$ cat target.cif   # mmCIF, C-alpha atoms
data_protein
#
loop_
_atom_site.group_PDB
_atom_site.id
_atom_site.type_symbol
_atom_site.label_atom_id
_atom_site.label_comp_id
_atom_site.auth_asym_id
_atom_site.auth_seq_id
_atom_site.Cartn_x
_atom_site.Cartn_y
_atom_site.Cartn_z
ATOM 1 C CA MET L 1 67.070 98.215 67.110
ATOM 2 C CA ASP L 2 66.227 99.989 63.906
ATOM 3 C CA LYS L 3 67.379 98.234 60.748
ATOM 4 C CA ASN L 4 67.752 101.368 58.671
ATOM 5 C CA GLN L 5 69.736 103.106 61.349
ATOM 6 C CA PHE L 6 72.035 100.057 61.611
ATOM 7 C CA LEU L 7 72.485 99.956 57.857
ATOM 8 C CA GLN L 8 73.326 103.660 57.742
ATOM 9 C CA SER L 9 75.831 103.390 60.587
ATOM 10 C CA PHE L 10 77.365 100.342 58.934
ATOM 11 C CA ALA L 11 77.759 102.229 55.644
ATOM 12 C CA GLU L 12 79.296 105.236 57.403
ATOM 13 C CA GLN L 13 82.348 103.152 58.271
ATOM 14 C CA PHE L 14 83.236 102.927 54.583
ATOM 15 C CA ASP L 15 84.753 105.814 52.633
ATOM 16 C CA GLU L 16 84.866 104.676 49.041
ATOM 17 C CA THR L 17 82.134 102.121 48.528
ATOM 18 C CA ASP L 18 79.073 103.427 46.665
ATOM 19 C CA PRO L 19 76.218 103.950 49.180
ATOM 20 C CA SER L 20 73.878 101.955 46.922
ATOM 21 C CA ALA L 21 75.961 98.853 47.639
ATOM 22 C CA PHE L 22 74.696 98.776 51.208
ATOM 23 C CA THR L 23 71.548 96.682 51.465
ATOM 24 C CA MET L 24 70.625 94.259 54.190
ATOM 25 C CA ASN L 25 71.459 91.403 51.807
ATOM 26 C CA ALA L 26 74.885 92.747 50.874
ATOM 27 C CA LYS L 27 77.767 90.413 51.615
ATOM 28 C CA PHE L 28 80.003 92.872 53.388
ATOM 29 C CA LYS L 29 83.224 90.849 53.401
ATOM 30 C CA GLU L 30 83.102 90.655 49.611
ATOM 31 C CA MET L 31 83.295 94.438 49.302
ATOM 32 C CA ASP L 32 86.619 95.692 47.924
ATOM 33 C CA GLU L 33 86.988 98.137 50.779
ATOM 34 C CA TRP L 34 86.510 95.491 53.495
ATOM 35 C CA SER L 35 89.637 95.234 55.646
ATOM 36 C CA SER L 36 90.722 94.533 59.199
ATOM 37 C CA MET L 37 90.494 98.272 59.824
ATOM 38 C CA VAL L 38 86.875 98.445 58.663
ATOM 39 C CA ALA L 39 86.172 95.395 60.836
ATOM 40 C CA LEU L 40 87.500 97.296 63.853
ATOM 41 C CA MET L 41 85.333 100.279 62.946
ATOM 42 C CA ILE L 42 82.232 98.066 62.808
ATOM 43 C CA ILE L 43 83.085 96.574 66.213
ATOM 44 C CA ALA L 44 83.589 100.082 67.624
ATOM 45 C CA MET L 45 80.382 101.372 65.970
ATOM 46 C CA VAL L 46 78.286 98.576 67.526
ATOM 47 C CA ASP L 47 79.852 99.276 70.912
ATOM 48 C CA GLU L 48 79.220 103.023 70.651
ATOM 49 C CA ASN L 49 75.694 102.924 69.187
ATOM 50 C CA TYR L 50 74.255 99.859 70.922
ATOM 51 C CA ASN L 51 76.530 99.366 73.907
ATOM 52 C CA LYS L 52 77.073 95.774 72.785
ATOM 53 C CA LYS L 53 80.329 93.898 72.286
ATOM 54 C CA ILE L 54 80.839 91.972 69.090
ATOM 55 C CA THR L 55 84.089 90.253 68.181
ATOM 56 C CA GLY L 56 86.035 89.191 65.143
ATOM 57 C CA ALA L 57 84.258 85.847 65.409
ATOM 58 C CA ASP L 58 80.856 87.505 64.953
ATOM 59 C CA LEU L 59 82.075 89.113 61.748
ATOM 60 C CA ARG L 60 83.678 85.892 60.559
ATOM 61 C CA GLU L 61 80.532 83.878 61.135
ATOM 62 C CA THR L 62 78.160 86.235 59.338
ATOM 63 C CA ASP L 63 77.993 87.045 55.646
ATOM 64 C CA THR L 64 75.264 89.611 55.095
ATOM 65 C CA ILE L 65 74.548 92.849 56.932
ATOM 66 C CA GLU L 66 71.173 91.362 57.872
ATOM 67 C CA GLN L 67 72.865 88.394 59.562
ATOM 68 C CA LEU L 68 75.134 90.709 61.486
ATOM 69 C CA PHE L 69 72.154 92.874 62.471
ATOM 70 C CA GLU L 70 70.347 89.806 63.822
ATOM 71 C CA ARG L 71 73.405 88.762 65.747
ATOM 72 C CA VAL L 72 73.821 92.189 67.325
ATOM 73 C CA ALA L 73 70.098 92.339 68.123
ATOM 74 C CA ALA L 74 70.330 88.979 69.891
ATOM 75 C CA LYS L 75 73.135 90.120 72.193
ATOM 76 C CA MET P 1 138.102 85.100 96.275
ATOM 77 C CA GLU P 2 134.386 84.462 95.920
ATOM 78 C CA VAL P 3 133.031 85.364 92.516
ATOM 79 C CA ARG P 4 129.399 86.369 92.467
ATOM 80 C CA PHE P 5 127.391 85.303 89.426
ATOM 81 C CA PRO P 6 126.355 88.726 88.077
ATOM 82 C CA PHE P 7 122.983 87.580 86.776
ATOM 83 C CA SER P 8 121.877 86.319 90.190
ATOM 84 C CA LEU P 9 119.208 88.151 92.168
ATOM 85 C CA GLU P 10 120.304 86.583 95.432
ATOM 86 C CA GLY P 11 119.696 88.944 98.335
ATOM 87 C CA LYS P 12 117.505 91.217 96.241
ATOM 88 C CA THR P 13 113.855 91.997 96.949
ATOM 89 C CA ILE P 14 111.775 93.070 93.971
ATOM 90 C CA LEU P 15 108.321 94.667 93.884
ATOM 91 C CA VAL P 16 106.310 93.565 90.832
ATOM 92 C CA THR P 17 103.016 95.158 89.724
ATOM 93 C CA GLY P 18 100.598 93.270 87.527
ATOM 94 C CA ALA P 19 101.714 90.170 89.405
ATOM 95 C CA SER P 20 98.512 88.178 89.041
ATOM 96 C CA SER P 21 98.922 87.128 85.424
ATOM 97 C CA GLY P 22 100.848 87.349 82.166
ATOM 98 C CA ILE P 23 104.228 89.047 82.107
ATOM 99 C CA GLY P 24 104.011 90.237 85.743
ATOM 100 C CA LEU P 25 103.416 86.735 87.074
ATOM 101 C CA SER P 26 106.208 85.417 84.898
ATOM 102 C CA VAL P 27 108.564 88.068 86.293
ATOM 103 C CA CYS P 28 107.671 86.936 89.844
ATOM 104 C CA ARG P 29 108.614 83.362 88.961
ATOM 105 C CA ALA P 30 111.855 84.418 87.247
ATOM 106 C CA VAL P 31 112.915 86.610 90.183
ATOM 107 C CA VAL P 32 112.527 83.704 92.596
ATOM 108 C CA ALA P 33 114.191 81.260 90.190
ATOM 109 C CA SER P 34 117.139 83.675 90.053
ATOM 110 C CA GLY P 35 117.512 83.686 93.815
ATOM 111 C CA GLY P 36 115.591 86.833 94.718
ATOM 112 C CA SER P 37 112.417 87.393 96.653
ATOM 113 C CA VAL P 38 109.332 89.051 95.289
ATOM 114 C CA ILE P 39 106.433 91.185 96.485
ATOM 115 C CA GLY P 40 103.559 90.950 94.023
ATOM 116 C CA VAL P 41 101.019 93.732 93.596
ATOM 117 C CA ALA P 42 97.671 93.255 91.853
ATOM 118 C CA ARG P 43 93.936 93.632 92.386
ATOM 119 C CA ARG P 44 92.987 89.963 92.456
ATOM 120 C CA GLU P 45 93.842 88.444 95.816
ATOM 121 C CA ASP P 46 93.077 84.847 94.790
ATOM 122 C CA CYS P 47 95.686 85.030 92.020
ATOM 123 C CA LEU P 48 98.213 86.656 94.349
ATOM 124 C CA LYS P 49 97.670 83.925 96.942
ATOM 125 C CA GLU P 50 98.189 81.320 94.258
ATOM 126 C CA MET P 51 101.448 83.026 93.253
ATOM 127 C CA GLU P 52 102.604 83.086 96.865
ATOM 128 C CA ASN P 53 101.745 79.402 97.340
ATOM 129 C CA GLU P 54 103.507 78.428 94.128
ATOM 130 C CA LEU P 55 106.715 80.306 94.906
ATOM 131 C CA GLY P 56 106.753 79.700 98.648
ATOM 132 C CA ALA P 57 105.937 82.184 101.395
ATOM 133 C CA GLY P 58 109.635 82.598 102.175
ATOM 134 C CA ASN P 59 110.320 83.837 98.648
ATOM 135 C CA ALA P 60 107.096 85.576 97.772
ATOM 136 C CA SER P 61 104.538 87.818 99.394
ATOM 137 C CA TYR P 62 101.893 90.172 98.088
ATOM 138 C CA ILE P 63 100.035 93.424 98.571
ATOM 139 C CA LYS P 64 96.504 93.540 97.173
ATOM 140 C CA ALA P 65 96.019 96.957 95.637
ATOM 141 C CA ASP P 66 94.246 98.831 92.875
ATOM 142 C CA LEU P 67 96.871 101.063 91.277
ATOM 143 C CA SER P 68 94.228 103.442 89.971
ATOM 144 C CA LEU P 69 93.547 104.557 93.563
ATOM 145 C CA ASP P 70 95.931 106.982 95.245
ATOM 146 C CA ALA P 71 95.033 105.512 98.654
ATOM 147 C CA ASP P 72 96.156 102.069 97.470
ATOM 148 C CA ILE P 73 99.432 103.450 96.115
ATOM 149 C CA GLU P 74 100.045 105.030 99.493
ATOM 150 C CA ASP P 75 99.194 101.736 101.183
ATOM 151 C CA ILE P 76 101.741 99.871 99.011
ATOM 152 C CA THR P 77 104.403 102.432 99.832
ATOM 153 C CA LEU P 78 103.745 102.220 103.563
ATOM 154 C CA ARG P 79 103.608 98.423 103.692
ATOM 155 C CA MET P 80 106.495 97.513 101.403
ATOM 156 C CA PRO P 81 110.000 97.049 102.765
ATOM 157 C CA GLU P 82 112.951 98.801 101.162
ATOM 158 C CA VAL P 83 113.468 97.028 97.837
ATOM 159 C CA ASN P 84 116.307 96.569 95.353
ATOM 160 C CA GLY P 85 114.111 96.714 92.330
ATOM 161 C CA LEU P 86 110.668 97.405 90.933
ATOM 162 C CA VAL P 87 109.038 95.992 87.825
ATOM 163 C CA TYR P 88 105.980 97.817 86.502
ATOM 164 C CA ALA P 89 104.074 95.206 84.505
ATOM 165 C CA ALA P 90 100.518 96.362 85.203
ATOM 166 C CA GLY P 91 98.824 97.336 81.994
ATOM 167 C CA ILE P 92 95.681 97.210 79.923
ATOM 168 C CA THR P 93 94.938 97.535 76.239
ATOM 169 C CA ARG P 94 91.960 98.747 74.207
ATOM 170 C CA LEU P 95 91.604 98.727 70.453
ATOM 171 C CA ALA P 96 89.750 101.658 68.948
ATOM 172 C CA PRO P 97 90.038 103.498 65.654
ATOM 173 C CA LEU P 98 90.787 107.210 66.133
ATOM 174 C CA LYS P 99 87.293 108.484 65.382
ATOM 175 C CA PHE P 100 85.737 106.357 68.151
ATOM 176 C CA ILE P 101 88.077 107.477 70.915
ATOM 177 C CA LYS P 102 86.482 109.324 73.839
ATOM 178 C CA ARG P 103 88.069 111.037 76.824
ATOM 179 C CA HIS P 104 86.859 108.207 79.062
ATOM 180 C CA ASP P 105 88.807 105.584 77.010
ATOM 181 C CA LEU P 106 91.966 107.681 77.070
ATOM 182 C CA GLU P 107 91.711 108.201 80.803
ATOM 183 C CA GLU P 108 91.111 104.529 81.460
ATOM 184 C CA VAL P 109 94.194 103.333 79.571
ATOM 185 C CA MET P 110 96.491 106.230 80.526
ATOM 186 C CA ASN P 111 95.521 105.784 84.162
ATOM 187 C CA VAL P 112 96.815 102.243 84.495
ATOM 188 C CA ASN P 113 99.615 102.298 81.929
ATOM 189 C CA TYR P 114 101.120 105.688 82.711
ATOM 190 C CA PHE P 115 99.615 107.756 85.537
ATOM 191 C CA SER P 116 99.801 104.949 88.108
ATOM 192 C CA MET P 117 103.363 104.093 87.064
ATOM 193 C CA VAL P 118 104.455 107.692 87.650
ATOM 194 C CA LEU P 119 102.498 108.045 90.894
ATOM 195 C CA LEU P 120 103.757 104.746 92.330
ATOM 196 C CA LEU P 121 107.375 105.590 91.531
ATOM 197 C CA ALA P 122 106.881 109.083 92.952
ATOM 198 C CA GLN P 123 105.744 107.677 96.287
ATOM 199 C CA VAL P 124 108.338 104.894 96.377
ATOM 200 C CA VAL P 125 111.094 107.427 95.796
ATOM 201 C CA ARG P 126 109.610 109.996 98.182
ATOM 202 C CA HIS P 127 109.428 107.418 100.985
ATOM 203 C CA LYS P 128 112.903 106.146 100.131
ATOM 204 C CA LYS P 129 111.613 102.603 99.618
ATOM 205 C CA ILE P 130 114.065 101.797 96.868
ATOM 206 C CA LYS P 131 117.655 101.364 98.039
ATOM 207 C CA ARG P 132 119.954 104.209 97.149
ATOM 208 C CA ASN P 133 123.569 103.754 96.068
ATOM 209 C CA ALA P 134 123.084 99.995 95.931
ATOM 210 C CA ASN P 135 122.629 99.380 92.213
ATOM 211 C CA SER P 136 118.834 99.293 92.449
ATOM 212 C CA SER P 137 116.857 98.923 89.257
ATOM 213 C CA VAL P 138 113.445 99.930 87.933
ATOM 214 C CA VAL P 139 112.110 98.024 84.933
ATOM 215 C CA LEU P 140 109.088 99.326 83.053
ATOM 216 C CA ILE P 141 107.263 96.983 80.707
ATOM 217 C CA SER P 142 106.465 99.203 77.739
ATOM 218 C CA SER P 143 105.754 97.941 74.217
ATOM 219 C CA VAL P 144 107.265 97.882 70.757
ATOM 220 C CA ALA P 145 103.908 99.399 69.776
ATOM 221 C CA GLN P 146 105.293 102.767 70.828
ATOM 222 C CA GLN P 147 107.984 102.546 68.118
ATOM 223 C CA VAL P 148 105.548 101.972 65.257
ATOM 224 C CA GLY P 149 101.999 102.886 64.263
ATOM 225 C CA THR P 150 99.670 99.923 64.362
ATOM 226 C CA LYS P 151 96.122 100.794 63.286
ATOM 227 C CA SER P 152 93.580 101.113 66.099
ATOM 228 C CA SER P 153 96.243 100.950 68.811
ATOM 229 C CA LEU P 154 96.343 104.667 69.646
ATOM 230 C CA LEU P 155 95.076 104.331 73.212
ATOM 231 C CA TYR P 156 97.699 101.731 74.081
ATOM 232 C CA THR P 157 100.498 103.122 71.913
ATOM 233 C CA GLY P 158 100.158 106.621 73.349
ATOM 234 C CA SER P 159 100.298 105.325 76.908
ATOM 235 C CA LYS P 160 103.377 103.215 76.223
ATOM 236 C CA GLY P 161 105.018 106.100 74.377
ATOM 237 C CA ALA P 162 104.503 108.228 77.471
ATOM 238 C CA MET P 163 105.983 105.469 79.604
ATOM 239 C CA SER P 164 109.066 105.036 77.426
ATOM 240 C CA ALA P 165 109.685 108.786 77.092
ATOM 241 C CA GLY P 166 109.104 109.294 80.813
ATOM 242 C CA SER P 167 111.492 106.484 81.721
ATOM 243 C CA ARG P 168 114.455 108.506 80.461
ATOM 244 C CA VAL P 169 113.515 111.490 82.611
ATOM 245 C CA ILE P 170 113.083 109.299 85.667
ATOM 246 C CA ALA P 171 116.389 107.542 84.899
ATOM 247 C CA ASN P 172 118.133 110.893 84.821
ATOM 248 C CA GLU P 173 116.542 112.106 88.048
ATOM 249 C CA LEU P 174 117.425 108.917 89.935
ATOM 250 C CA SER P 175 120.909 108.437 88.507
ATOM 251 C CA SER P 176 122.564 110.369 91.336
ATOM 252 C CA GLN P 177 121.227 107.710 93.705
ATOM 253 C CA LYS P 178 122.539 104.996 91.381
ATOM 254 C CA ILE P 179 118.996 103.793 90.780
ATOM 255 C CA ARG P 180 118.766 102.602 87.189
ATOM 256 C CA VAL P 181 115.614 102.849 85.063
ATOM 257 C CA ASN P 182 115.135 100.918 81.822
ATOM 258 C CA THR P 183 112.225 99.718 79.729
ATOM 259 C CA ILE P 184 111.493 96.510 77.890
ATOM 260 C CA GLU P 185 109.512 96.944 74.694
ATOM 261 C CA PRO P 186 108.031 93.598 73.719
ATOM 262 C CA GLY P 187 106.111 92.732 70.588
ATOM 263 C CA MET P 188 103.187 90.347 70.755
ATOM 264 C CA VAL P 189 103.503 88.042 73.748
ATOM 265 C CA GLN P 190 101.093 85.174 74.311
ATOM 266 C CA THR P 191 99.113 86.324 77.347
ATOM 267 C CA ALA P 192 95.469 86.766 78.299
ATOM 268 C CA MET P 193 95.786 90.339 76.982
ATOM 269 C CA ALA P 194 96.850 88.987 73.590
ATOM 270 C CA SER P 195 93.941 86.522 73.548
ATOM 271 C CA GLU P 196 91.613 89.442 74.226
ATOM 272 C CA MET P 197 93.061 91.173 71.165
ATOM 273 C CA GLU P 198 92.666 88.012 69.108
ATOM 274 C CA ASP P 199 89.069 87.798 70.195
ATOM 275 C CA MET P 200 88.409 91.356 69.092
ATOM 276 C CA LEU P 201 90.170 91.033 65.766
ATOM 277 C CA SER P 202 89.939 87.681 64.072
ATOM 278 C CA LYS P 203 91.958 84.522 63.959
ATOM 279 C CA GLU P 204 93.019 85.291 60.375
ATOM 280 C CA VAL P 205 94.382 88.718 61.288
ATOM 281 C CA VAL P 206 96.351 87.268 64.189
ATOM 282 C CA GLU P 207 97.718 84.412 62.080
ATOM 283 C CA LYS P 208 98.840 86.873 59.420
ATOM 284 C CA ASP P 209 100.502 89.009 62.097
ATOM 285 C CA MET P 210 102.235 86.012 63.650
ATOM 286 C CA LYS P 211 103.813 85.156 60.292
ATOM 287 C CA GLN P 212 105.607 88.507 60.380
ATOM 288 C CA TYR P 213 107.563 87.458 63.473
ATOM 289 C CA PRO P 214 110.635 85.509 62.258
ATOM 290 C CA LEU P 215 110.893 83.882 65.688
ATOM 291 C CA GLY P 216 107.124 83.696 66.242
ATOM 292 C CA TYR P 217 105.204 85.360 69.067
ATOM 293 C CA GLY P 218 106.936 85.650 72.425
ATOM 294 C CA ILE P 219 106.014 83.984 75.677
ATOM 295 C CA PRO P 220 105.936 85.799 79.052
ATOM 296 C CA GLU P 221 109.183 84.078 80.103
ATOM 297 C CA ASP P 222 111.038 85.810 77.256
ATOM 298 C CA VAL P 223 110.193 89.169 78.793
ATOM 299 C CA ALA P 224 110.764 87.987 82.364
ATOM 300 C CA ASN P 225 114.297 86.826 81.553
ATOM 301 C CA ALA P 226 115.190 90.235 80.154
ATOM 302 C CA ALA P 227 113.719 91.789 83.300
ATOM 303 C CA VAL P 228 115.990 89.590 85.436
ATOM 304 C CA PHE P 229 118.996 90.856 83.493
ATOM 305 C CA LEU P 230 117.935 94.485 84.044
ATOM 306 C CA LEU P 231 117.317 93.844 87.758
ATOM 307 C CA SER P 232 120.652 92.100 88.227
ATOM 308 C CA ASP P 233 124.120 93.571 88.727
ATOM 309 C CA ALA P 234 124.991 92.321 85.229
ATOM 310 C CA SER P 235 123.331 95.449 83.843
ATOM 311 C CA ARG P 236 124.854 97.861 86.381
ATOM 312 C CA TRP P 237 126.114 100.238 83.648
ATOM 313 C CA MET P 238 122.791 100.428 81.838
ATOM 314 C CA THR P 239 120.180 103.127 82.445
ATOM 315 C CA GLY P 240 117.745 105.179 80.402
ATOM 316 C CA GLN P 241 117.661 102.450 77.762
ATOM 317 C CA SER P 242 115.120 100.114 76.276
ATOM 318 C CA ILE P 243 115.389 96.516 75.178
ATOM 319 C CA THR P 244 113.222 95.610 72.211
ATOM 320 C CA LEU P 245 112.013 92.016 72.244
ATOM 321 C CA ASP P 246 110.030 91.258 69.134
ATOM 322 C CA GLY P 247 111.319 88.036 67.636
ATOM 323 C CA GLY P 248 112.805 90.049 64.774
ATOM 324 C CA ARG P 249 109.436 91.551 63.780
ATOM 325 C CA TYR P 250 110.511 95.128 63.058
ATOM 326 C CA LYS P 251 114.194 95.002 62.121
ATOM 327 C CA LEU P 252 114.516 91.879 59.977
ATOM 328 C CA LEU P 253 113.190 92.379 56.496
ATOM 329 C CA ASP P 254 112.583 89.778 53.816
#
$ encode --input "target.cif" --output "structure tokens"
Amino acid sequence: MDKNQFLQSFAEQFDETDPSAFTMNAKFKEMDEWSSMVALMIIAMVDENYNKKITGADLRETDTIEQLFERVAAK
Amino acid sequence: MEVRFPFSLEGKTILVTGASSGIGLSVCRAVVASGGSVIGVARREDCLKEMENELGAGNASYIKADLSLDADIEDITLRMPEVNGLVYAAGITRLAPLKFIKRHDLEEVMNVNYFSMVLLLAQVVRHKKIKRNANSSVVLISSVAQQVGTKSSLLYTGSKGAMSAGSRVIANELSSQKIRVNTIEPGMVQTAMASEMEDMLSKEVVEKDMKQYPLGYGIPEDVANAAVFLLSDASRWMTGQSITLDGGRYKLLD
């Protein structure tokens, strides 16, 4: 799994957040645009790009994009 | 003069799809509790056997079948006796935002929730396996989702919309044979399907949603009891209708 590709795909699920806000250390749930809809998009993106299933629990239990990346990579 | 309790299903045989779990299984139990006998249809034979054991072989039997296969639908139609009612409770759900939806996802959900419902009813009617002119009843388990627009529910909502719209056409076509067709449109009911949704979303989202139900989430028995009413002679003047069961979620406002 490529970190940059993951970061880019993650950012693509947002419409209004400034692209510079997306770093591996960014706490994604603290972003103004974060919502249950964006959460569903992230789940769908991981499924489509990596053929891996993550759940609401995975998002709840991670804070940074890096942590989520590691969790997806471990699946 | 003997007065028959109109809500009784005594003497009635009902075919139930999706009988291995959730609402379908609950309908099987309610049919037997109301004096009827049931034929359960599902893919998982162990669950069907368990249902038969629980309800007693005299009251319950089953046909193992995969409704996505035409051969299995034909097999059901050939093996089933003439019935007084049919409950279509087989269904699946998938959450996906619009931009992630692919033809494969649409086909998967539409297949079980709509195509198989139409194709099963087509064969049952063609082979005259539902009693004519005897107040027979078809009950389709749709969803309140088809009345609203919940984010990410397009796959499911579209399939249930097709089911609800189609039910009125089927009701009209079968009315001359006095076969009634109605839908039940439940809100969130606590089943394995709902747990799957909870797993995909998050506990917080589900808790927030639950708070919007003045009477809380439903249980499968709530839907099964409405199905018994629609199967019974108590609803003999009702066809082409839907019953919304949502604990007050969409009509009661703060």
$ atom_distance --input "target.cif" --atom1 "CA of Lys99 (chain P)" --atom2 "CA of Lys208 (chain P)"
25.2 Å
$ interface_residues --input "target.cif" --of "chain P" --to "chain L" --cutoff "10 Å" --atoms "only C-alpha atoms" --output "tab-separated table (two decimals) with C-alpha atoms, in the coordinates of the input"
chain	number	residue	atom	x	y	z
P	95	LEU	CA	91.60	98.73	70.45
P	96	ALA	CA	89.75	101.66	68.95
P	97	PRO	CA	90.04	103.50	65.65
P	98	LEU	CA	90.79	107.21	66.13
P	99	LYS	CA	87.29	108.48	65.38
P	100	PHE	CA	85.74	106.36	68.15
P	101	ILE	CA	88.08	107.48	70.92
P	151	LYS	CA	96.12	100.79	63.29
P	152	SER	CA	93.58	101.11	66.10
P	196	GLU	CA	91.61	89.44	74.23
P	197	MET	CA	93.06	91.17	71.17
P	198	GLU	CA	92.67	88.01	69.11
P	199	ASP	CA	89.07	87.80	70.19
P	200	MET	CA	88.41	91.36	69.09
P	201	LEU	CA	90.17	91.03	65.77
P	202	SER	CA	89.94	87.68	64.07
P	203	LYS	CA	91.96	84.52	63.96
P	204	GLU	CA	93.02	85.29	60.38
P	205	VAL	CA	94.38	88.72	61.29
$ residues_around --input "target.cif" --residues "Lys27 (chain L)" --least-positions-apart "2" --cutoff "6 Å" --atoms "all atoms listed in the file" --output "list of chain:residue names"
L:Lys29, L:Glu30, L:Asp63, L:Thr64
$ atom_distance --input "target.cif" --atom1 "CA of Leu155 (chain P)" --atom2 "CA of Ala226 (chain P)"
25.5 Å
$ resolve_selection --input "target.cif" --expression "the PyMOL selection byres ((chain P and resi 176-186) around 9)" --output "JSON, numbers by chain"
{"P": [84, 85, 130, 131, 132, 133, 134, 135, 136, 137, 138, 139, 140, 141, 142, 143, 144, 145, 146, 147, 160, 163, 164, 167, 168, 170, 171, 172, 173, 174, 175, 187, 188, 189, 218, 223, 226, 227, 230, 231, 236, 237, 238, 239, 240, 241, 242, 243, 244, 245, 246, 247]}
